[in-house]
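Worksheet: one structure, shown below.
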Amino acid sequence: HALQSGVPLFYQPLLAYPEGLSARYLWSIPLQSFPAWLFALVMPLPTAFNLSILLTLALNGWSAFFLVSYLTKNRAAGWVSGVVFMAYPTFQGHLAAGHIGLLQQWGVPLYVYTLLRLRQSRERRWIIAAALFFVFSLLGSSLNLIYALFPVTVFFLASIMFKREWPALRRMLLALLFGGLVSLIFLIPVALDSISTPVNLREGGSIAFSADLLGIVSPSFQHPLFRSLDYPHRVLGIDPFERMAYIGIGAGILALLALWRRPLARGWLVVGLLAWVFSLGPVLKILDVPVQRVVEGYATLVALPWMAAQNIPLLNISRTPSRFNFTVALAVTVLAGYGMSVVWDKIRVRRLRWLAVIVTSALILCEYPF
């Protein structure tokens with residue numbers, strides 16, 4: 001089309017109209033466009049788009065099912081986790097906003113799985129697998145490096161170093177090195193675009209796009225069961241798409257059950273808390289209003305850890321701390337799976353076990369819609 005019409009070959013003026021979009025940016029995130037593009041060759045564009053979205057959400061659910069089935073040795077628990085990760089409100093908020101690339105989260109649970117295998121096994125194939133899924137996790141959105149891979153990787157590195165598992169640490173560092181080098185093929189072009197953008201034209205809004213303290217207990221105000229509640233309107237504010245962080249009653253109860261009865265699950269609480277604190281952004285907000293306090297006669301805001309972290313090189317390209325809720329979603333997903341495994345073990349009758357799985361899944365799908 002560019003050659004026939006004379007428009008720029010490496011700049012797309014009709015995408016992100018009227019500013020246009022660099023083709024180098026599209027190259028860095030192939031999973032955002034290409035699945036739907038392939039389907040569009042044989043079917044109408046809306047059908048191709050919707051099919052790619054449905055398959056992406058299903059693949060997200062399957063990857064969580066695969067991870068939690070391995071962790072709990074219970075496929076029923078994996079099933080419930082898959083439902084949670086597939087339908088989590090944070091995903092639905094970004095779907096409503098059209099953030100298609102950010103929905104490509106299926107690589108992250110598989111990356112976690114390979115890190116677990118890498119830690120337990122000396123086989124080199126797990127180094128290669130971890131590197132590949134590191135790369136796959138970035139092909140929908142390069143910002144996944146910050147919002148998903150960063151907190152998960154830091155947790156694994158800290159855990160390995162704390163337990164002095166030096167051979168496992170070497171294997172993990174090798175995987176990160178290989179994955180990082182391959183990722184540069186996709187990241188360098190978009191990094192060059194970002195560097196060339198004048199400072200006064202770069203988007204801001206880290207406070208506006210931070211999660212509210214009450215976000216994790218704020219369901220969608222459009223949900224028929226929660227429409228009468230007043231506070232979700234105020235918490236989610238004028239942009240509910242970025243700020244959706246609702247954990248849910250069903251998943252929350254399962255997570256608490258896991259923390260009580262499954263000691264192995266408690267590490268995921270650390271991952272979730274780290275990501276949640278970062279998702280709150282640089283200053284504390286309650287009901288979408290920054291909390292103010294007076295210190296020796298001066299009015300100021302309540303600073304949070306992201307105030308310092310957002311100035312670290314690489315992390316400073318982020319303007320939407322609320323997206324750390326993708327990692328919160330993964331932590332809640334794993335904890336819910338562990339919780340379901342507790343329920344499964346307590347029920348002795350097989351039919352009642354599967355009835356509990358079906359009812360739990362139905363309740364989660366009932367309260368999650370955005």
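Starting from 1 in every chain, residues are counted up; chains themselves are A, B, ... following the order of the structure tokens, and ligands are numbered from 1 as listed.
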Env of Val302 in chain A: 12 Å cut, atoms = only C-alpha atoms, seq-sep filter 4 positions within chain, self excluded. Answer as a VMD selection string. chain A and resid 280 to 286 289 to 295 306 to 307
Grab the residues selected above and save them as a PDB file, in the first residue's frame with C-alpha atoms.
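Once written, again-v2.pdb looks like this:
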ATOM      1  CA  LEU A 280      -0.685   2.528  43.828  1.00  0.00           C
ATOM      2  CA  GLY A 281       1.764   4.867  42.124  1.00  0.00           C
ATOM      3  CA  PRO A 282       3.872   7.680  43.600  1.00  0.00           C
ATOM      4  CA  VAL A 283       1.280   9.013  46.065  1.00  0.00           C
ATOM      5  CA  LEU A 284      -1.535   7.444  48.047  1.00  0.00           C
ATOM      6  CA  LYS A 285      -5.053   7.934  46.677  1.00  0.00           C
ATOM      7  CA  ILE A 286      -8.353   7.057  48.352  1.00  0.00           C
ATOM      8  CA  VAL A 289      -8.261  11.793  45.648  1.00  0.00           C
ATOM      9  CA  PRO A 290      -4.594  12.075  46.750  1.00  0.00           C
ATOM     10  CA  VAL A 291      -4.387  11.864  50.533  1.00  0.00           C
ATOM     11  CA  GLN A 292      -3.038  15.058  52.065  1.00  0.00           C
ATOM     12  CA  ARG A 293      -1.382  15.536  55.423  1.00  0.00           C
ATOM     13  CA  VAL A 294       0.056  18.567  57.182  1.00  0.00           C
ATOM     14  CA  VAL A 295       3.646  18.438  58.440  1.00  0.00           C
ATOM     15  CA  TRP A 306       6.940   4.094  43.383  1.00  0.00           C
ATOM     16  CA  MET A 307       7.903   7.739  43.929  1.00  0.00           C
TER      17      MET A 307
END
Find the nearest atom pair between each residue of range 58-143 of chain A and range 252-269 of chain A for residues within 12 Å, count only C-alpha atoms, give distances in Å to one decimal, sort rows by chain and ascending number, and present the table as a tab-separated table.
residue	atom	partner	partner_atom	distance
A:Val68	CA	A:Ala265	CA	10.8
A:Leu71	CA	A:Ala265	CA	9.2
A:Thr72	CA	A:Ala265	CA	9.5
A:Ala77	CA	A:Leu254	CA	10.4
A:Val80	CA	A:Leu254	CA	10.0
A:Ser81	CA	A:Leu254	CA	10.2
A:Val84	CA	A:Gly252	CA	10.6
A:Val112	CA	A:Trp268	CA	11.6
Dump as a PDB file, in the first residue's frame, selection limited to all heavy atoms:
ATOM      1  N   VAL A  68      -0.549 -23.712  37.501  1.00  0.00           N
ATOM      2  CA  VAL A  68      -1.093 -24.079  38.814  1.00  0.00           C
ATOM      3  C   VAL A  68      -1.289 -25.589  38.925  1.00  0.00           C
ATOM      4  O   VAL A  68      -1.144 -26.159  40.019  1.00  0.00           O
ATOM      5  CB  VAL A  68      -2.403 -23.314  39.070  1.00  0.00           C
ATOM      6  CG1 VAL A  68      -3.049 -23.749  40.379  1.00  0.00           C
ATOM      7  CG2 VAL A  68      -2.127 -21.811  39.099  1.00  0.00           C
ATOM      8  N   LEU A  71       2.034 -26.644  40.083  1.00  0.00           N
ATOM      9  CA  LEU A  71       2.341 -26.252  41.457  1.00  0.00           C
ATOM     10  C   LEU A  71       1.567 -27.075  42.479  1.00  0.00           C
ATOM     11  O   LEU A  71       2.110 -27.464  43.515  1.00  0.00           O
ATOM     12  CB  LEU A  71       2.026 -24.764  41.646  1.00  0.00           C
ATOM     13  CG  LEU A  71       2.973 -23.764  40.984  1.00  0.00           C
ATOM     14  CD1 LEU A  71       2.398 -22.352  41.082  1.00  0.00           C
ATOM     15  CD2 LEU A  71       4.352 -23.814  41.618  1.00  0.00           C
ATOM     16  N   THR A  72       0.294 -27.303  42.212  1.00  0.00           N
ATOM     17  CA  THR A  72      -0.576 -27.964  43.188  1.00  0.00           C
ATOM     18  C   THR A  72      -0.720 -29.459  42.953  1.00  0.00           C
ATOM     19  O   THR A  72      -1.264 -30.156  43.814  1.00  0.00           O
ATOM     20  CB  THR A  72      -1.982 -27.336  43.155  1.00  0.00           C
ATOM     21  OG1 THR A  72      -2.574 -27.559  41.865  1.00  0.00           O
ATOM     22  CG2 THR A  72      -1.914 -25.843  43.441  1.00  0.00           C
ATOM     23  N   ALA A  77      -7.757 -27.678  40.634  1.00  0.00           N
ATOM     24  CA  ALA A  77      -7.290 -26.380  41.128  1.00  0.00           C
ATOM     25  C   ALA A  77      -6.767 -25.530  39.975  1.00  0.00           C
ATOM     26  O   ALA A  77      -7.001 -24.314  39.918  1.00  0.00           O
ATOM     27  CB  ALA A  77      -6.193 -26.587  42.173  1.00  0.00           C
ATOM     28  N   VAL A  80      -9.723 -23.860  38.088  1.00  0.00           N
ATOM     29  CA  VAL A  80     -10.246 -22.652  38.737  1.00  0.00           C
ATOM     30  C   VAL A  80      -9.281 -21.487  38.534  1.00  0.00           C
ATOM     31  O   VAL A  80      -9.695 -20.353  38.258  1.00  0.00           O
ATOM     32  CB  VAL A  80     -10.492 -22.911  40.237  1.00  0.00           C
ATOM     33  CG1 VAL A  80     -10.852 -21.614  40.967  1.00  0.00           C
ATOM     34  CG2 VAL A  80     -11.617 -23.936  40.420  1.00  0.00           C
ATOM     35  N   SER A  81      -7.978 -21.749  38.641  1.00  0.00           N
ATOM     36  CA  SER A  81      -6.993 -20.691  38.406  1.00  0.00           C
ATOM     37  C   SER A  81      -7.070 -20.167  36.981  1.00  0.00           C
ATOM     38  O   SER A  81      -6.941 -18.962  36.737  1.00  0.00           O
ATOM     39  CB  SER A  81      -5.574 -21.216  38.689  1.00  0.00           C
ATOM     40  OG  SER A  81      -5.395 -21.446  40.064  1.00  0.00           O
ATOM     41  N   VAL A  84      -9.901 -17.757  36.759  1.00  0.00           N
ATOM     42  CA  VAL A  84      -9.569 -16.476  37.395  1.00  0.00           C
ATOM     43  C   VAL A  84      -8.706 -15.626  36.470  1.00  0.00           C
ATOM     44  O   VAL A  84      -8.994 -14.442  36.225  1.00  0.00           O
ATOM     45  CB  VAL A  84      -8.841 -16.711  38.740  1.00  0.00           C
ATOM     46  CG1 VAL A  84      -8.324 -15.384  39.310  1.00  0.00           C
ATOM     47  CG2 VAL A  84      -9.768 -17.382  39.736  1.00  0.00           C
ATOM     48  N   VAL A 112       7.147 -18.333  34.399  1.00  0.00           N
ATOM     49  CA  VAL A 112       7.265 -18.736  35.806  1.00  0.00           C
ATOM     50  C   VAL A 112       7.482 -20.244  35.904  1.00  0.00           C
ATOM     51  O   VAL A 112       8.322 -20.723  36.683  1.00  0.00           O
ATOM     52  CB  VAL A 112       6.006 -18.318  36.591  1.00  0.00           C
ATOM     53  CG1 VAL A 112       6.031 -18.907  38.000  1.00  0.00           C
ATOM     54  CG2 VAL A 112       5.896 -16.804  36.657  1.00  0.00           C
TER      55      VAL A 112
END
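Nearest to Arg243 in chain A of all the residues A:Lys73, A:His1, A:His94, A:Arg164 is A:His94, based on only C-alpha atoms.
For the pair CA of Gln222 in chain A and CA of Pro369 in chain A, the separation is 8.8 Å.
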Counting only C-alpha atoms, the residue among A:Lys163, A:Arg323, A:Arg353, A:Lys346 that lies closest to Ala148 in chain A is A:Arg323
Excluding same-chain residues fewer than 6 positions from Pro232 in chain A, what lies within 9 Å of it counting only C-alpha atoms, as a PyMOL selection string? chain A and resi 214-215+217-221+226+287
From range 162-369 of chain A, collect each residue whose DSSP state is helix (DSSP H, G or I) and return the set as a PyMOL selection string. chain A and resi 162+166-196+199-201+215-217+231-236+240-243+249-261+263-279+306-309+315-317+321-346+350-367
For the residues selected in the previous step, produce a file with C-alpha atoms as a tab-separated table (two decimals), in the first residue's frame.
chain	number	residue	atom	x	y	z
A	162	PHE	CA	18.31	-15.98	50.20
A	166	TRP	CA	24.17	-20.59	43.61
A	167	PRO	CA	23.99	-23.13	40.74
A	168	ALA	CA	20.31	-22.24	40.22
A	169	LEU	CA	21.24	-18.55	40.33
A	170	ARG	CA	23.81	-19.03	37.56
A	171	ARG	CA	21.29	-20.89	35.41
A	172	MET	CA	18.68	-18.18	35.90
A	173	LEU	CA	21.13	-15.39	35.09
A	174	LEU	CA	22.10	-17.22	31.90
A	175	ALA	CA	18.43	-17.51	30.92
A	176	LEU	CA	17.91	-13.79	31.57
A	177	LEU	CA	21.02	-12.94	29.57
A	178	PHE	CA	19.90	-15.00	26.56
A	179	GLY	CA	16.33	-13.76	26.79
A	180	GLY	CA	17.46	-10.17	27.12
A	181	LEU	CA	19.76	-10.40	24.10
A	182	VAL	CA	17.04	-11.88	21.89
A	183	SER	CA	14.55	-9.28	23.16
A	184	LEU	CA	16.85	-6.49	21.98
A	185	ILE	CA	15.85	-7.38	18.40
A	186	PHE	CA	12.38	-6.11	19.27
A	187	LEU	CA	13.17	-3.55	21.97
A	188	ILE	CA	15.92	-1.48	20.34
A	189	PRO	CA	13.74	-0.02	17.54
A	190	VAL	CA	11.04	1.17	19.93
A	191	ALA	CA	13.69	2.41	22.37
A	192	LEU	CA	15.17	4.55	19.60
A	193	ASP	CA	11.72	6.00	18.94
A	194	SER	CA	11.26	6.79	22.64
A	195	ILE	CA	14.66	8.48	22.88
A	196	SER	CA	13.96	10.63	19.84
A	199	VAL	CA	10.71	15.47	26.58
A	200	ASN	CA	7.87	17.99	26.37
A	201	LEU	CA	5.89	15.61	24.12
A	215	GLY	CA	-9.29	-0.60	43.92
A	216	ILE	CA	-8.84	-4.24	44.93
A	217	VAL	CA	-12.27	-4.21	46.61
A	231	TYR	CA	-17.79	4.01	46.19
A	232	PRO	CA	-16.77	2.13	42.98
A	233	HIS	CA	-17.85	5.18	40.96
A	234	ARG	CA	-15.51	7.35	42.98
A	235	VAL	CA	-12.65	4.83	43.13
A	236	LEU	CA	-12.53	4.05	39.43
A	240	PRO	CA	-12.08	2.69	34.91
A	241	PHE	CA	-10.15	0.89	32.17
A	242	GLU	CA	-6.65	1.34	33.61
A	243	ARG	CA	-7.71	1.23	37.25
A	249	ILE	CA	-14.99	-12.36	46.74
A	250	GLY	CA	-14.59	-15.91	45.45
A	251	ALA	CA	-10.93	-15.63	44.47
A	252	GLY	CA	-10.21	-13.64	47.63
A	253	ILE	CA	-11.65	-16.33	49.91
A	254	LEU	CA	-9.68	-19.04	48.09
A	255	ALA	CA	-6.51	-16.95	48.42
A	256	LEU	CA	-7.01	-16.54	52.18
A	257	LEU	CA	-7.62	-20.27	52.49
A	258	ALA	CA	-4.36	-20.94	50.66
A	259	LEU	CA	-2.41	-18.59	52.94
A	260	TRP	CA	-3.86	-20.39	55.96
A	261	ARG	CA	-3.39	-24.00	54.88
A	263	PRO	CA	2.71	-22.67	53.41
A	264	LEU	CA	4.19	-23.09	49.90
A	265	ALA	CA	1.68	-20.53	48.62
A	266	ARG	CA	2.80	-17.71	50.91
A	267	GLY	CA	5.63	-16.58	48.67
A	268	TRP	CA	3.02	-15.50	46.13
A	269	LEU	CA	1.60	-13.13	48.75
A	270	VAL	CA	4.97	-11.33	48.67
A	271	VAL	CA	4.81	-11.08	44.85
A	272	GLY	CA	1.25	-9.78	44.96
A	273	LEU	CA	1.94	-7.24	47.71
A	274	LEU	CA	5.03	-5.91	45.94
A	275	ALA	CA	3.10	-5.45	42.70
A	276	TRP	CA	0.07	-3.98	44.49
A	277	VAL	CA	2.15	-1.35	46.34
A	278	PHE	CA	3.79	-0.35	43.04
A	279	SER	CA	0.36	-0.20	41.36
A	306	TRP	CA	6.94	4.09	43.38
A	307	MET	CA	7.90	7.74	43.93
A	308	ALA	CA	11.54	6.58	44.10
A	309	ALA	CA	11.30	3.55	41.81
A	315	LEU	CA	11.40	1.85	35.02
A	316	ASN	CA	11.20	5.56	34.24
A	317	ILE	CA	9.55	4.88	30.86
A	321	PRO	CA	1.67	2.14	37.63
A	322	SER	CA	-1.82	0.61	37.80
A	323	ARG	CA	-0.70	-1.97	35.23
A	324	PHE	CA	1.25	-3.75	37.95
A	325	ASN	CA	-2.16	-5.27	38.64
A	326	PHE	CA	-1.34	-7.78	35.90
A	327	THR	CA	1.14	-9.27	38.36
A	328	VAL	CA	-1.39	-8.98	41.17
A	329	ALA	CA	-3.74	-10.98	38.94
A	330	LEU	CA	-1.11	-13.71	38.55
A	331	ALA	CA	-0.50	-13.85	42.32
A	332	VAL	CA	-4.24	-14.03	43.07
A	333	THR	CA	-4.59	-16.71	40.39
A	334	VAL	CA	-1.93	-18.95	41.95
A	335	LEU	CA	-3.26	-18.41	45.48
A	336	ALA	CA	-6.81	-19.21	44.34
A	337	GLY	CA	-5.52	-22.46	42.86
A	338	TYR	CA	-3.84	-23.43	46.09
A	339	GLY	CA	-7.06	-22.55	47.93
A	340	MET	CA	-9.09	-24.74	45.60
A	341	SER	CA	-6.70	-27.61	46.26
A	342	VAL	CA	-7.49	-27.25	49.98
A	343	VAL	CA	-11.23	-27.46	49.25
A	344	TRP	CA	-10.63	-30.47	46.97
A	345	ASP	CA	-8.72	-32.35	49.68
A	346	LYS	CA	-11.39	-31.66	52.29
A	350	ARG	CA	-15.61	-37.24	43.91
A	351	ARG	CA	-18.88	-35.89	42.50
A	352	LEU	CA	-19.09	-33.27	45.23
A	353	ARG	CA	-15.51	-32.26	44.47
A	354	TRP	CA	-16.32	-31.49	40.86
A	355	LEU	CA	-19.55	-29.80	41.90
A	356	ALA	CA	-17.47	-27.49	44.12
A	357	VAL	CA	-15.17	-26.71	41.17
A	358	ILE	CA	-18.11	-25.91	38.88
A	359	VAL	CA	-19.93	-23.77	41.44
A	360	THR	CA	-16.76	-21.88	42.36
A	361	SER	CA	-15.95	-21.20	38.72
A	362	ALA	CA	-19.50	-20.03	38.06
A	363	LEU	CA	-19.44	-17.65	41.04
A	364	ILE	CA	-16.13	-16.14	39.91
A	365	LEU	CA	-17.44	-15.66	36.37
A	366	CYS	CA	-20.62	-14.13	37.80
A	367	GLU	CA	-18.92	-11.37	39.84
Measure the distance from CA of Ala131 in chain A to CA of Arg24 in chain A in Å and round it to one decimal. 22.8 Å
Residues within 7 Å of range 99-110 of chain A, please, as a PDB file with N, CA and C atoms, in the first residue's frame. Count only C-alpha atoms; anything in the same chain fewer than 4 positions from it doesn't count.
ATOM      1  N   LEU A  31       2.587  -9.474  18.498  1.00  0.00           N
ATOM      2  CA  LEU A  31       1.386 -10.177  18.940  1.00  0.00           C
ATOM      3  C   LEU A  31       0.188  -9.245  19.090  1.00  0.00           C
ATOM      4  N   GLN A  32       0.411  -7.935  19.056  1.00  0.00           N
ATOM      5  CA  GLN A  32      -0.731  -7.020  19.139  1.00  0.00           C
ATOM      6  C   GLN A  32      -1.561  -7.039  17.861  1.00  0.00           C
ATOM      7  N   THR A  56      -6.913 -15.253  22.650  1.00  0.00           N
ATOM      8  CA  THR A  56      -5.893 -14.744  23.569  1.00  0.00           C
ATOM      9  C   THR A  56      -6.310 -14.950  25.016  1.00  0.00           C
ATOM     10  N   LEU A  59      -6.088 -18.558  25.868  1.00  0.00           N
ATOM     11  CA  LEU A  59      -4.694 -18.970  26.027  1.00  0.00           C
ATOM     12  C   LEU A  59      -4.133 -18.481  27.358  1.00  0.00           C
ATOM     13  N   ASN A  60      -4.527 -17.288  27.783  1.00  0.00           N
ATOM     14  CA  ASN A  60      -4.144 -16.812  29.119  1.00  0.00           C
ATOM     15  C   ASN A  60      -4.625 -17.786  30.187  1.00  0.00           C
ATOM     16  N   SER A  63      -2.631 -21.109  30.135  1.00  0.00           N
ATOM     17  CA  SER A  63      -1.276 -21.017  30.690  1.00  0.00           C
ATOM     18  C   SER A  63      -1.313 -21.001  32.216  1.00  0.00           C
ATOM     19  N   ALA A  64      -2.305 -20.311  32.799  1.00  0.00           N
ATOM     20  CA  ALA A  64      -2.455 -20.307  34.257  1.00  0.00           C
ATOM     21  C   ALA A  64      -2.843 -21.698  34.751  1.00  0.00           C
ATOM     22  N   LEU A  67       0.351 -23.810  34.776  1.00  0.00           N
ATOM     23  CA  LEU A  67       1.247 -23.475  35.879  1.00  0.00           C
ATOM     24  C   LEU A  67       0.726 -24.000  37.208  1.00  0.00           C
ATOM     25  N   PHE A  91      -7.853  -7.463  33.201  1.00  0.00           N
ATOM     26  CA  PHE A  91      -7.813  -7.794  31.774  1.00  0.00           C
ATOM     27  C   PHE A  91      -9.022  -7.210  31.056  1.00  0.00           C
ATOM     28  N   HIS A  94      -8.708  -3.435  30.372  1.00  0.00           N
ATOM     29  CA  HIS A  94      -7.834  -3.114  29.246  1.00  0.00           C
ATOM     30  C   HIS A  94      -8.445  -3.574  27.923  1.00  0.00           C
ATOM     31  N   LEU A  95      -9.237  -4.628  27.962  1.00  0.00           N
ATOM     32  CA  LEU A  95      -9.940  -5.048  26.751  1.00  0.00           C
ATOM     33  C   LEU A  95     -10.940  -3.975  26.333  1.00  0.00           C
ATOM     34  N   THR A 114       8.893 -22.234  33.718  1.00  0.00           N
ATOM     35  CA  THR A 114      10.254 -22.582  33.319  1.00  0.00           C
ATOM     36  C   THR A 114      11.266 -22.173  34.392  1.00  0.00           C
ATOM     37  N   PHE A 133      10.423 -17.891  26.765  1.00  0.00           N
ATOM     38  CA  PHE A 133       9.174 -17.361  27.310  1.00  0.00           C
ATOM     39  C   PHE A 133       9.363 -15.957  27.885  1.00  0.00           C
ATOM     40  N   PHE A 136       8.716 -14.151  24.646  1.00  0.00           N
ATOM     41  CA  PHE A 136       7.300 -14.212  24.266  1.00  0.00           C
ATOM     42  C   PHE A 136       6.451 -13.284  25.130  1.00  0.00           C
ATOM     43  N   SER A 137       6.838 -13.122  26.406  1.00  0.00           N
ATOM     44  CA  SER A 137       6.068 -12.269  27.314  1.00  0.00           C
ATOM     45  C   SER A 137       6.111 -10.804  26.922  1.00  0.00           C
ATOM     46  N   GLY A 140       3.660  -8.891  23.067  1.00  0.00           N
ATOM     47  CA  GLY A 140       2.384  -8.197  23.014  1.00  0.00           C
ATOM     48  C   GLY A 140       2.536  -6.745  23.418  1.00  0.00           C
ATOM     49  N   SER A 141       3.376  -6.521  24.434  1.00  0.00           N
ATOM     50  CA  SER A 141       3.684  -5.162  24.894  1.00  0.00           C
ATOM     51  C   SER A 141       5.050  -5.193  25.550  1.00  0.00           C
TER      52      SER A 141
END
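Minimum atom-to-atom distances from A:Gly82, A:Pro89, A:Pro30, A:Pro18 to Ile247 in chain A were compared using only C-alpha atoms, and the lowest value belongs to A:Pro89.
Between CA of Tyr246 in chain A and CA of Ile146 in chain A the separation is 20.8 Å.
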Rank A:Ile347, A:Ala211, A:Tyr111, A:Leu139 by their smallest atom-to-atom distance to Ile127 in chain A, using only C-alpha atoms, and report the top residue only.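 Counting only C-alpha atoms, the residue closest to Ile127 in chain A is A:Tyr111.
Of the listed residues A:Ala245, A:Leu15, A:Thr320, A:Ser22, the one whose atoms come nearest to Gly93 in chain A is A:Ala245, with distances taken using only C-alpha atoms.
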